[in-house]
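File shown: coords_22.cif (mmCIF, C-alpha atoms).
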```cif
data_input
loop_
_atom_site.label_atom_id
_atom_site.label_comp_id
_atom_site.auth_asym_id
_atom_site.auth_seq_id
_atom_site.Cartn_x
_atom_site.Cartn_y
_atom_site.Cartn_z
CA MET A 1 -7.97 -39.44 -11.92
CA ASN A 2 -10.35 -41.21 -9.50
CA LEU A 3 -8.19 -44.29 -9.94
CA VAL A 4 -5.15 -42.31 -8.78
CA PHE A 5 -6.91 -41.21 -5.59
CA LYS A 6 -8.04 -44.80 -4.89
CA GLU A 7 -4.43 -45.93 -5.15
CA LEU A 8 -3.34 -43.08 -2.85
CA LYS A 9 -5.87 -44.23 -0.26
CA LYS A 10 -4.72 -47.82 -0.60
CA ALA A 11 -1.06 -46.84 -0.33
CA ALA A 12 -1.72 -44.77 2.78
CA TYR A 13 -2.72 -48.04 4.45
CA LEU A 14 0.92 -49.09 4.28
CA VAL A 15 1.88 -46.26 6.59
CA ASN A 16 -0.66 -47.45 9.14
CA LEU A 17 0.74 -50.97 8.93
CA MET A 18 4.23 -49.71 9.65
CA LEU A 19 3.02 -47.64 12.58
CA ALA A 20 1.33 -50.78 13.89
CA ASP A 21 4.79 -52.39 14.16
CA ILE A 22 5.53 -50.21 17.20
CA LYS A 23 5.23 -52.81 19.94
CA PRO A 24 3.04 -51.89 22.93
CA THR A 25 3.87 -52.89 26.49
CA ASN A 26 1.56 -54.98 28.62
CA ARG A 27 -0.18 -51.80 29.71
CA GLY A 28 -0.88 -50.87 26.11
CA TYR A 29 1.64 -48.00 25.74
CA ALA A 30 4.63 -47.85 23.41
CA THR A 31 7.92 -48.18 25.26
CA MET A 32 10.51 -45.43 25.36
CA SER A 33 13.83 -44.83 27.04
CA LYS A 34 13.97 -42.89 30.26
CA ASN A 35 16.03 -40.17 28.65
CA ASN A 36 14.02 -38.54 25.86
CA VAL A 37 15.92 -35.24 25.74
CA VAL A 38 17.25 -34.42 22.25
CA ASP A 39 20.26 -32.19 21.79
CA ILE A 40 19.19 -29.62 19.17
CA ASN A 41 22.83 -28.91 18.35
CA ASN A 42 23.11 -32.39 16.82
CA ARG A 43 20.15 -31.94 14.50
CA ASP A 44 22.14 -33.33 11.57
CA THR A 45 22.67 -36.69 13.28
CA ILE A 46 19.25 -37.16 14.89
CA THR A 47 17.52 -40.35 13.77
CA ASP A 48 13.79 -40.58 14.28
CA GLU A 49 12.37 -44.04 13.60
CA LEU A 50 8.83 -42.74 13.29
CA THR A 51 9.87 -40.11 10.73
CA GLU A 52 11.86 -42.69 8.79
CA MET A 53 8.78 -44.97 8.72
CA LEU A 54 6.64 -42.10 7.46
CA LYS A 55 9.21 -41.26 4.79
CA THR A 56 9.31 -44.89 3.66
CA GLY A 57 5.52 -44.97 3.57
CA ALA A 58 5.45 -41.67 1.66
CA GLN A 59 7.94 -43.05 -0.87
CA GLN A 60 5.80 -46.13 -1.46
CA LEU A 61 2.63 -44.05 -1.64
CA ILE A 62 4.14 -41.69 -4.21
CA GLN A 63 5.53 -44.59 -6.21
CA GLN A 64 2.14 -46.33 -6.35
CA ALA A 65 0.40 -43.11 -7.35
CA VAL A 66 2.95 -42.48 -10.13
CA GLN A 67 2.54 -46.06 -11.35
CA THR A 68 -1.23 -45.51 -11.49
CA GLU A 69 -0.66 -42.29 -13.46
CA LEU A 70 1.54 -44.27 -15.83
CA ALA A 71 -1.13 -46.95 -16.27
CA VAL A 72 -3.72 -44.31 -17.19
CA PHE A 73 -1.21 -42.70 -19.57
CA MET A 74 -0.37 -46.02 -21.27
CA GLU A 75 -4.07 -46.78 -21.69
CA GLN A 76 -4.28 -43.89 -24.16
CA TYR A 77 -1.85 -45.70 -26.48
CA SER A 78 -3.11 -49.25 -25.99
CA HIS A 79 -4.72 -49.23 -29.44
CA GLN A 80 -1.48 -48.26 -31.19
CA LEU A 81 0.30 -51.38 -32.43
CA THR A 82 3.40 -52.03 -34.48
CA SER A 83 3.35 -53.84 -37.81
CA ASP A 84 3.91 -57.16 -36.04
CA GLY A 85 0.95 -56.57 -33.68
CA LYS A 86 2.89 -55.55 -30.54
CA ALA A 87 2.40 -52.45 -28.39
CA SER A 88 3.84 -49.34 -30.02
CA VAL A 89 4.38 -47.44 -26.76
CA VAL A 90 6.19 -49.38 -24.03
CA ARG A 91 7.89 -48.76 -20.70
CA ASN A 92 11.58 -47.94 -20.84
CA GLY A 93 13.02 -48.06 -17.34
CA TYR A 94 13.27 -45.10 -14.98
CA GLN A 95 14.67 -41.62 -14.91
CA PRO A 96 17.54 -41.04 -12.45
CA GLU A 97 16.29 -41.04 -8.88
CA ARG A 98 15.81 -37.58 -7.35
CA GLU A 99 14.89 -36.43 -3.87
CA ILE A 100 11.87 -34.25 -3.14
CA LEU A 101 12.13 -32.06 -0.06
CA THR A 102 8.92 -32.36 1.97
CA GLY A 103 7.70 -31.42 5.42
CA ILE A 104 8.96 -34.77 6.83
CA GLY A 105 12.33 -34.55 5.12
CA SER A 106 13.75 -35.72 1.81
CA VAL A 107 11.84 -38.49 -0.02
CA PRO A 108 13.52 -40.31 -2.96
CA VAL A 109 11.39 -40.66 -6.09
CA LYS A 110 11.88 -42.55 -9.36
CA ILE A 111 9.77 -41.57 -12.37
CA PRO A 112 9.17 -44.19 -15.10
CA LYS A 113 10.11 -43.58 -18.73
CA VAL A 114 8.32 -44.69 -21.88
CA ARG A 115 9.32 -44.86 -25.52
CA SER A 116 7.56 -45.19 -28.84
CA LYS A 117 8.78 -47.90 -31.17
CA GLU A 118 7.25 -46.19 -34.18
CA GLY A 119 6.06 -42.70 -35.10
CA LYS A 120 6.41 -39.61 -32.93
CA PRO A 121 8.32 -39.74 -29.63
CA VAL A 122 6.16 -40.12 -26.51
CA THR A 123 7.10 -38.74 -23.08
CA PHE A 124 5.45 -39.46 -19.74
CA HIS A 125 5.19 -36.56 -17.25
CA SER A 126 3.81 -37.16 -13.78
CA ALA A 127 1.29 -34.57 -12.57
CA LEU A 128 2.10 -35.53 -8.97
CA VAL A 129 5.87 -35.08 -9.42
CA PRO A 130 6.41 -32.69 -12.36
CA PRO A 131 9.79 -32.51 -14.10
CA TYR A 132 12.60 -30.71 -12.23
CA VAL A 133 10.54 -30.34 -9.03
CA ARG A 134 12.86 -30.69 -6.03
CA LYS A 135 10.66 -29.52 -3.17
CA ALA A 136 7.02 -29.84 -2.18
CA LYS A 137 4.71 -26.86 -2.47
CA SER A 138 4.38 -26.75 1.33
CA ILE A 139 8.12 -26.06 1.64
CA GLU A 140 8.03 -23.29 -0.95
CA ALA A 141 4.95 -21.81 0.76
CA SER A 142 6.85 -21.74 4.06
CA LEU A 143 9.62 -19.51 2.66
CA PRO A 144 7.60 -16.28 2.35
CA TRP A 145 5.95 -17.07 5.69
CA LEU A 146 9.33 -17.45 7.43
CA TYR A 147 10.60 -14.29 5.74
CA LEU A 148 7.58 -12.31 6.90
CA LYS A 149 8.09 -13.68 10.42
CA GLY A 150 11.48 -11.99 10.50
CA ILE A 151 13.83 -14.71 9.22
CA SER A 152 16.35 -13.08 6.89
CA THR A 153 17.49 -14.58 3.59
CA GLY A 154 20.79 -15.72 5.13
CA GLU A 155 19.03 -17.44 8.03
CA MET A 156 16.41 -19.22 5.91
CA GLY A 157 18.46 -22.37 5.36
CA GLU A 158 19.16 -22.79 9.07
CA ALA A 159 15.51 -22.20 9.95
CA LEU A 160 14.35 -24.89 7.51
CA LYS A 161 17.15 -27.17 8.66
CA VAL A 162 15.66 -27.14 12.16
CA LEU A 163 12.16 -27.75 10.75
CA VAL A 164 12.84 -30.53 8.23
CA GLY A 165 16.39 -31.68 9.05
CA SER A 166 19.71 -31.58 7.25
CA ASP A 167 17.95 -32.28 3.92
CA ALA A 168 17.24 -28.54 3.75
CA LYS A 169 20.92 -27.77 3.16
CA GLY A 170 20.17 -27.19 -0.53
CA LEU A 171 18.12 -24.11 0.37
CA SER A 172 21.03 -21.71 0.62
CA ALA A 173 20.79 -17.92 0.69
CA SER A 174 21.37 -17.85 -3.07
CA THR A 175 18.57 -20.39 -3.59
CA VAL A 176 16.16 -18.27 -1.56
CA SER A 177 17.26 -15.14 -3.44
CA ARG A 178 16.61 -16.91 -6.74
CA LEU A 179 13.16 -17.93 -5.52
CA LYS A 180 12.43 -14.32 -4.61
CA GLN A 181 13.39 -13.30 -8.16
CA GLU A 182 10.99 -15.92 -9.52
CA TRP A 183 8.25 -14.53 -7.27
CA GLY A 184 8.94 -11.11 -8.76
CA GLN A 185 8.49 -12.48 -12.28
CA GLU A 186 5.28 -14.27 -11.27
CA TYR A 187 4.01 -11.04 -9.73
CA GLN A 188 4.64 -9.06 -12.92
CA GLN A 189 2.81 -11.66 -15.03
CA TRP A 190 -0.09 -11.72 -12.56
CA GLN A 191 -0.40 -7.91 -12.74
CA HIS A 192 -1.41 -8.19 -16.41
CA LYS A 193 -3.70 -11.20 -16.14
CA PRO A 194 -7.02 -10.52 -17.96
CA LEU A 195 -10.11 -10.19 -15.76
CA ASP A 196 -12.82 -10.11 -18.43
CA LYS A 197 -13.57 -13.85 -18.29
CA ASP A 198 -15.39 -13.48 -14.95
CA GLN A 199 -18.22 -11.37 -13.61
CA TRP A 200 -16.93 -9.67 -10.47
CA VAL A 201 -19.77 -9.15 -8.00
CA TYR A 202 -18.14 -7.82 -4.81
CA ILE A 203 -14.72 -6.31 -4.14
CA TRP A 204 -12.92 -5.63 -0.86
CA ALA A 205 -10.34 -2.84 -0.69
CA ASP A 206 -7.84 -1.88 1.99
CA GLY A 207 -4.45 -0.31 2.47
CA ILE A 208 -1.87 -2.43 4.32
CA TYR A 209 0.89 -0.34 5.87
CA SER A 210 4.34 -1.86 5.43
CA GLY A 211 6.46 0.24 7.78
CA LEU A 212 8.56 1.48 4.84
CA ARG A 213 8.98 5.17 4.24
CA SER A 214 9.77 7.30 1.22
CA GLU A 215 10.94 10.73 2.34
CA ASP A 216 8.11 11.89 4.64
CA THR A 217 5.40 9.60 3.27
CA LYS A 218 4.50 6.27 4.82
CA LEU A 219 4.14 3.67 2.09
CA CYS A 220 1.52 0.94 2.01
CA ALA A 221 0.19 -1.76 -0.28
CA LEU A 222 -3.20 -1.11 -1.90
CA VAL A 223 -5.00 -4.44 -1.99
CA ILE A 224 -8.22 -5.46 -3.74
CA ILE A 225 -9.91 -8.86 -3.52
CA GLY A 226 -12.86 -9.77 -5.74
CA VAL A 227 -15.42 -12.56 -5.80
CA ASN A 228 -16.70 -13.82 -9.14
CA GLU A 229 -20.10 -15.20 -10.12
CA ARG A 230 -19.10 -18.71 -9.02
CA GLY A 231 -18.22 -17.57 -5.51
CA HIS A 232 -14.44 -17.85 -5.91
CA LYS A 233 -12.39 -15.12 -4.24
CA HIS A 234 -9.22 -13.88 -5.94
CA PHE A 235 -6.65 -11.17 -5.39
CA LEU A 236 -7.10 -8.61 -8.14
CA ALA A 237 -4.55 -5.98 -7.15
CA ILE A 238 -1.56 -5.64 -4.81
CA GLU A 239 0.11 -2.31 -5.57
CA ASP A 240 2.15 0.18 -3.59
CA GLY A 241 0.92 3.71 -3.01
CA VAL A 242 -0.28 6.18 -0.42
CA ARG A 243 -3.41 4.99 1.33
CA GLU A 244 -5.23 8.32 1.50
CA SER A 245 -4.26 9.29 -2.02
CA THR A 246 -7.10 9.38 -4.54
CA GLN A 247 -4.53 9.27 -7.32
CA SER A 248 -2.98 6.02 -6.03
CA TRP A 249 -6.36 4.31 -5.85
CA ARG A 250 -7.38 5.78 -9.21
CA GLU A 251 -4.34 4.18 -10.85
CA VAL A 252 -5.15 0.80 -9.30
CA LEU A 253 -8.80 0.89 -10.39
CA LEU A 254 -8.00 2.13 -13.89
CA GLN A 255 -5.55 -0.73 -14.30
CA LEU A 256 -8.23 -3.22 -13.22
CA LYS A 257 -10.64 -1.69 -15.73
CA HIS A 258 -7.97 -1.92 -18.44
CA ARG A 259 -7.58 -5.63 -17.62
CA GLY A 260 -11.31 -6.09 -18.21
CA MET A 261 -12.88 -5.95 -14.76
CA ASN A 262 -16.58 -5.06 -14.91
CA ALA A 263 -18.26 -2.64 -12.50
CA PRO A 264 -18.80 -4.62 -9.25
CA GLN A 265 -22.19 -4.49 -7.56
CA LEU A 266 -20.70 -3.54 -4.19
CA ALA A 267 -17.34 -2.39 -2.84
CA ILE A 268 -16.38 -2.96 0.81
CA GLY A 269 -13.73 -0.92 2.57
CA ASP A 270 -12.93 1.42 5.44
CA GLY A 271 -13.47 5.18 5.49
CA ALA A 272 -10.35 6.17 3.53
CA LEU A 273 -11.70 8.95 1.32
CA GLY A 274 -9.18 8.42 -1.46
CA PHE A 275 -10.55 5.02 -2.42
CA TRP A 276 -14.21 6.09 -2.51
CA LYS A 277 -13.51 9.19 -4.59
CA ALA A 278 -11.51 7.14 -7.08
CA LEU A 279 -14.22 4.45 -7.17
CA ASP A 280 -16.91 7.01 -8.04
CA GLU A 281 -14.75 8.23 -10.92
CA VAL A 282 -13.87 4.82 -12.38
CA TYR A 283 -16.90 2.70 -11.40
CA GLU A 284 -19.63 5.20 -10.67
CA LYS A 285 -22.43 2.60 -10.52
CA THR A 286 -20.78 0.52 -7.81
CA ARG A 287 -22.40 0.91 -4.39
CA HIS A 288 -20.44 1.50 -1.18
CA GLN A 289 -20.35 -0.56 2.02
CA ARG A 290 -18.24 0.71 4.92
CA CYS A 291 -16.37 -1.88 6.97
CA TRP A 292 -18.02 -2.22 10.39
CA VAL A 293 -14.81 -3.44 12.05
CA HIS A 294 -12.90 -0.31 11.03
CA LYS A 295 -15.84 1.94 11.83
CA THR A 296 -16.29 0.42 15.29
CA ALA A 297 -12.60 0.88 16.10
CA ASN A 298 -12.67 4.52 14.92
CA ILE A 299 -15.74 5.32 17.03
CA LEU A 300 -14.39 3.64 20.17
CA ASN A 301 -11.15 5.60 19.85
CA LYS A 302 -13.21 8.78 20.35
CA LEU A 303 -14.70 7.51 23.62
CA PRO A 304 -13.17 7.08 27.09
CA LYS A 305 -12.18 3.51 27.94
CA SER A 306 -14.87 3.27 30.61
CA SER A 307 -17.58 3.86 27.99
CA GLN A 308 -16.16 1.60 25.29
CA PRO A 309 -17.65 -1.80 26.31
CA LYS A 310 -21.24 -0.53 26.34
CA ALA A 311 -20.71 1.52 23.19
CA LYS A 312 -19.27 -1.49 21.40
CA GLN A 313 -22.33 -3.56 22.32
CA ALA A 314 -24.60 -0.75 21.13
CA LEU A 315 -22.80 -0.70 17.77
CA HIS A 316 -23.18 -4.46 17.48
CA GLU A 317 -26.91 -4.03 17.97
CA ILE A 318 -26.94 -1.94 14.78
CA TRP A 319 -25.16 -4.17 12.27
CA GLN A 320 -26.36 -7.44 13.78
CA ALA A 321 -30.03 -6.44 13.56
CA GLU A 322 -32.14 -8.76 11.37
CA THR A 323 -33.87 -5.91 9.53
CA GLN A 324 -32.82 -2.47 8.39
CA LYS A 325 -35.71 -0.95 10.36
CA SER A 326 -34.34 -2.46 13.59
CA ALA A 327 -30.85 -1.29 12.64
CA GLU A 328 -32.13 2.26 12.08
CA LYS A 329 -33.70 2.28 15.56
CA ALA A 330 -30.46 1.05 17.16
CA PHE A 331 -28.56 3.63 15.09
CA ASP A 332 -30.74 6.48 16.39
CA LEU A 333 -30.46 5.20 19.95
CA PHE A 334 -26.67 5.29 19.78
CA ILE A 335 -26.75 8.88 18.53
CA LYS A 336 -29.10 9.98 21.32
CA THR A 337 -27.06 8.16 23.97
CA TYR A 338 -23.62 9.56 23.11
CA GLU A 339 -24.18 12.76 21.11
CA ALA A 340 -24.32 15.15 24.08
CA LYS A 341 -21.07 14.04 25.75
CA TYR A 342 -19.14 12.61 22.82
CA PRO A 343 -20.21 14.40 19.61
CA LYS A 344 -17.10 13.32 17.67
CA SER A 345 -18.00 9.65 18.11
CA THR A 346 -21.57 10.12 16.90
CA LEU A 347 -20.44 12.29 13.98
CA CYS A 348 -18.04 9.52 12.95
CA LEU A 349 -21.00 7.12 12.83
CA GLN A 350 -23.59 9.50 11.37
CA LYS A 351 -21.57 10.60 8.34
CA ASP A 352 -21.56 7.11 6.78
CA ARG A 353 -25.09 6.07 7.73
CA GLU A 354 -26.24 5.01 4.27
CA GLU A 355 -22.98 3.26 3.40
CA LEU A 356 -22.92 1.33 6.69
CA LEU A 357 -26.38 -0.14 6.10
CA ALA A 358 -26.06 -0.94 2.38
CA PHE A 359 -25.63 -4.67 3.06
CA TYR A 360 -29.34 -5.00 3.91
CA ASP A 361 -30.06 -4.74 0.16
CA TYR A 362 -28.11 -7.93 -0.57
CA PRO A 363 -28.73 -11.63 0.23
CA ALA A 364 -28.56 -12.38 3.95
CA GLN A 365 -26.24 -15.30 3.19
CA HIS A 366 -23.61 -12.74 2.09
CA TRP A 367 -23.88 -10.40 5.07
CA GLN A 368 -21.12 -12.08 7.06
CA SER A 369 -18.68 -11.43 4.21
CA ILE A 370 -19.75 -8.00 2.96
CA ARG A 371 -20.04 -6.15 6.27
CA THR A 372 -16.26 -6.02 6.79
CA SER A 373 -12.99 -6.06 4.87
CA ASN A 374 -11.82 -9.02 6.97
CA PRO A 375 -10.60 -11.14 4.00
CA ILE A 376 -7.73 -8.69 3.50
CA GLU A 377 -7.00 -8.06 7.18
CA SER A 378 -6.77 -11.75 8.08
CA THR A 379 -4.50 -12.57 5.14
CA PHE A 380 -1.90 -9.86 5.68
CA GLY A 381 -1.65 -9.65 9.46
CA THR A 382 1.91 -11.07 9.33
CA ILE A 383 3.12 -8.23 7.10
CA ARG A 384 3.16 -5.85 10.06
CA HIS A 385 5.21 -8.30 12.15
CA ARG A 386 7.81 -8.64 9.41
CA THR A 387 8.33 -4.93 8.83
CA LYS A 388 8.53 -4.19 12.55
CA ARG A 389 11.29 -6.78 12.92
CA SER A 390 13.23 -5.72 9.82
CA LYS A 391 12.93 -1.99 10.59
CA GLY A 392 12.58 -1.00 6.96
CA CYS A 393 15.15 -3.35 5.38
CA LEU A 394 12.43 -4.79 3.14
CA SER A 395 12.41 -2.97 -0.20
CA ARG A 396 9.26 -1.74 -1.93
CA ASP A 397 9.47 -4.47 -4.57
CA GLY A 398 10.34 -7.04 -1.92
CA MET A 399 7.30 -6.02 0.09
CA LEU A 400 4.97 -6.43 -2.90
CA HIS A 401 6.49 -9.75 -3.95
CA MET A 402 6.24 -11.15 -0.41
CA MET A 403 2.64 -10.01 -0.09
CA PHE A 404 1.83 -11.48 -3.49
CA LYS A 405 3.32 -14.85 -2.57
CA LEU A 406 1.68 -14.86 0.84
CA GLY A 407 -1.64 -13.98 -0.80
CA GLN A 408 -1.31 -16.74 -3.39
CA CYS A 409 -0.64 -19.30 -0.66
CA ALA A 410 -3.67 -18.10 1.33
CA GLN A 411 -5.93 -17.96 -1.73
CA ILE A 412 -5.57 -21.69 -2.33
CA LYS A 413 -7.26 -22.41 1.01
CA TRP A 414 -10.14 -19.98 0.61
CA ARG A 415 -13.63 -21.41 0.53
CA LYS A 416 -16.36 -20.29 -1.79
CA LEU A 417 -18.43 -17.35 -0.66
CA ARG A 418 -21.24 -18.52 1.59
CA GLY A 419 -24.49 -18.44 -0.38
CA PHE A 420 -22.67 -18.21 -3.73
CA GLY A 421 -25.82 -19.50 -5.43
CA PHE A 422 -27.40 -16.05 -4.95
CA LEU A 423 -24.63 -14.21 -6.81
CA GLY A 424 -26.37 -14.70 -10.15
CA GLN A 425 -29.44 -12.91 -8.82
CA VAL A 426 -27.31 -10.03 -7.58
CA ILE A 427 -25.74 -9.73 -11.05
CA LYS A 428 -29.19 -9.67 -12.67
CA GLY A 429 -30.25 -6.82 -10.41
CA VAL A 430 -32.81 -8.78 -8.37
CA GLN A 431 -33.98 -6.65 -5.45
CA PHE A 432 -33.41 -7.75 -1.86
CA LYS A 433 -34.92 -6.26 1.28
CA ASP A 434 -33.48 -7.21 4.66
CA GLY A 435 -31.56 -9.99 2.91
CA VAL A 436 -34.64 -11.59 1.33
CA GLU A 437 -35.56 -11.46 -2.36
CA VAL A 438 -38.39 -9.02 -3.04
CA THR A 439 -41.33 -10.81 -4.68
CA PRO A 440 -44.89 -9.59 -5.43
CA ASN A 441 -46.17 -11.52 -2.40
CA ASN A 442 -43.78 -10.20 0.27
CA GLN A 443 -43.86 -6.74 -1.30
CA VAL A 444 -47.63 -6.54 -0.75
CA ALA A 445 -47.24 -7.94 2.78
CA ALA A 446 -44.67 -5.24 3.59
#
```

Translate this structure into structure tokens?
Amino acid sequence: MNLVFKELKKAAYLVNLMLADIKPTNRGYATMSKNNVVDINNRDTITDELTEMLKTGAQQLIQQAVQTELAVFMEQYSHQLTSDGKASVVRNGYQPEREILTGIGSVPVKIPKVRSKEGKPVTFHSALVPPYVRKAKSIEASLPWLYLKGISTGEMGEALKVLVGSDAKGLSASTVSRLKQEWGQEYQQWQHKPLDKDQWVYIWADGIYSGLRSEDTKLCALVIIGVNERGHKHFLAIEDGVRESTQSWREVLLQLKHRGMNAPQLAIGDGALGFWKALDEVYEKTRHQRCWVHKTANILNKLPKSSQPKAKQALHEIWQAETQKSAEKAFDLFIKTYEAKYPKSTLCLQKDREELLAFYDYPAQHWQSIRTSNPIESTFGTIRHRTKRSKGCLSRDGMLHMMFKLGQCAQIKWRKLRGFGFLGQVIKGVQFKDGVEVTPNNQVAA
């Protein structure tokens, strides 16, 4: 596969050569006409020389990469010879040319064919351009994003037409609807995917309100993300329910347990009582960590605006302290400062004291990730925009399927958990104090 990437790098050089053909003026700038205004109404007839060059370069790059794939494939059969000493597996022309819709428009691609002169038939499949693929992953990933931004199914083709040109005409409303059905099938398969092959160390839980309503109850998606022993984060659950309902969360957690998920070391979430009650029932050994972002917002809402900036800084002094002892001092100072005038704000903080400071018993490298439920919040921020625009036209299943697809697209780009090398120690039950492993030496010093 390294050979393929070398060929990709070499082929990319062709694009640079073509771009170099743009002749500079004496002053060193590329020339252009005085009138550079493009009429968007004539999008179908717009010709862009630069885009055409890039498409030509992309076609050559893809073709070289596929040829390299073919060479590696043929190497596997180089030892197979016919009775007269000739190669048993040989090239056999090309499959019919097909166009792949990409972010720079439609790119024509021809995939080579092979045949076996003797024995079992042999078929070459390109990993870069799999059979029947008609559009790049980036285009498919843009569909749920556009939908969540408020573009309806009927408008999807026109939206993509503006983005990638008239080549998007194949993405009709029926095509998009069919894709949504496929997402539904993928979602159902994903719901039953076994989880017992990994050790799940931390989980993040949150309820994402969709704007949909069922009778008098506001519906939301119950989302759980987990990180395994290798530091990879994955969505484990995206289910609909009622956020404050213990029963809804109980069903989600029981399903995860049925799929083989072990008891995580730590669960991170906001103060929704339903989740924590259900967690204690299903995974009683899992410790709790309250989300500091949610907690800060809840406390500030109980204070006048004039007091919020200083109070916010005082709260930061707690969870950004380097040691739990320093955090406890800052915690007590906040209580003394605001308890007399604003008892509701201090009660909101005081009731979750132990759960807010649990992160100090885990590696300091993980603190940034386990102090908040930000992985969920950042991924699904667009959900709220979509449901506000559609005013409830998104169905319950449609909501879950869109969130699932959006989550899958986001998950691909996630990095490993910072300090993932310490996850094995957490699994083994190694003790940490103020983010540092407890050893006989530092234990005596303490």

Distance in Å - CA of Ile335 in chain A versus CA of Ala267 in chain A: 25.9 Å

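Against this structure, the PyMOL selection byres ((chain A and resi 273) around 12) ends up with A:Asp206, A:Gly207, A:Val242, A:Arg243, A:Glu244, A:Ser245, A:Thr246, A:Gln247, A:Ser248, A:Trp249, A:Arg250, A:Gly269, A:Asp270, A:Gly271, A:Ala272, A:Gly274, A:Phe275, A:Trp276, A:Lys277, A:Ala278, A:Leu279, A:Asp280, A:His288, A:Arg290, A:Asp352.
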
For Pro375 in chain A, work out the shell of residues within 12 Å, counting all atoms listed in the file and skipping chain neighbours fewer than 2 positions away, then give it as a PyMOL selection string. chain A and resi 203-206+223-227+233-235+268-269+291+293+368-373+377-381+407+410-411+414-415+417

From the set A:Leu300, A:Ile238, A:Ile318, A:Val436, which residue has the shortest atom-to-atom contact distance to Leu400 in chain A, counting all atoms listed in the file? A:Ile238

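Pairwise distance (CA of Thr323 in chain A, CA of Glu437 in chain A) equals 13.2 Å.
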
Hey, what comes out of the PyMOL selection byres ((chain A and resi 183) around 10) on this file? Could you write it as a ChimeraX atom specification? /A:144,177-182,184-189,398,400-402,404-405

Residue neighbourhood Lys336 in chain A, 12 Å, all atoms listed in the file, exclusion window fewer than 6 positions, as a PDB file with C-alpha atoms, keeping the file's coordinate frame:
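Output saved as selection.pdb:
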```pdb
ATOM      1  CA  ALA A 314     -24.600  -0.750  21.130  1.00  0.00           C
ATOM      2  CA  LYS A 329     -33.700   2.280  15.560  1.00  0.00           C
ATOM      3  CA  ALA A 330     -30.460   1.050  17.160  1.00  0.00           C
ATOM      4  CA  TYR A 342     -19.140  12.610  22.820  1.00  0.00           C
ATOM      5  CA  PRO A 343     -20.210  14.400  19.610  1.00  0.00           C
ATOM      6  CA  SER A 345     -18.000   9.650  18.110  1.00  0.00           C
ATOM      7  CA  THR A 346     -21.570  10.120  16.900  1.00  0.00           C
ATOM      8  CA  LEU A 347     -20.440  12.290  13.980  1.00  0.00           C
ATOM      9  CA  GLN A 350     -23.590   9.500  11.370  1.00  0.00           C
TER      10      GLN A 350
END
```

Contacts of Phe359 in chain A at 10 Å or less, counting all atoms listed in the file, minus same-chain residues fewer than 3 places along, as a ChimeraX atom specification? /A:266,268,287-290,319,324,354-356,362-364,366-371,432-435

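Of the residues under consideration (A:Ala297, A:Trp190, A:Leu349, A:Tyr360), A:Tyr360 shows the shortest atom-to-atom contact distance to Glu322 in chain A when counting all atoms listed in the file.
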
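CA of Gln95 in chain A to CA of Pro108 in chain A spans 12.1 Å [interatomic distance, one decimal].
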
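Considering all atoms listed in the file, the residue among A:Val438, A:Ala311, A:Met74, A:Leu423 positioned nearest to Val201 in chain A is A:Leu423.
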
Which one of A:Phe331, A:Ala127, A:Ser306, A:Val426 sits closest to Asp361 in chain A if you count only C-alpha atoms? A:Val426

Could you tell me, as an MDAnalysis selection string, exactly which residues end up selected when the PyMOL selection byres ((chain A and resi 80-87) around 12) is applied to this structure? chainID A and resid 74:79 88:91 114:120

Judged by only C-alpha atoms, the minimum distance to Lys257 in chain A among A:Lys310, A:His294, A:Lys302, A:His192 is found for A:His192
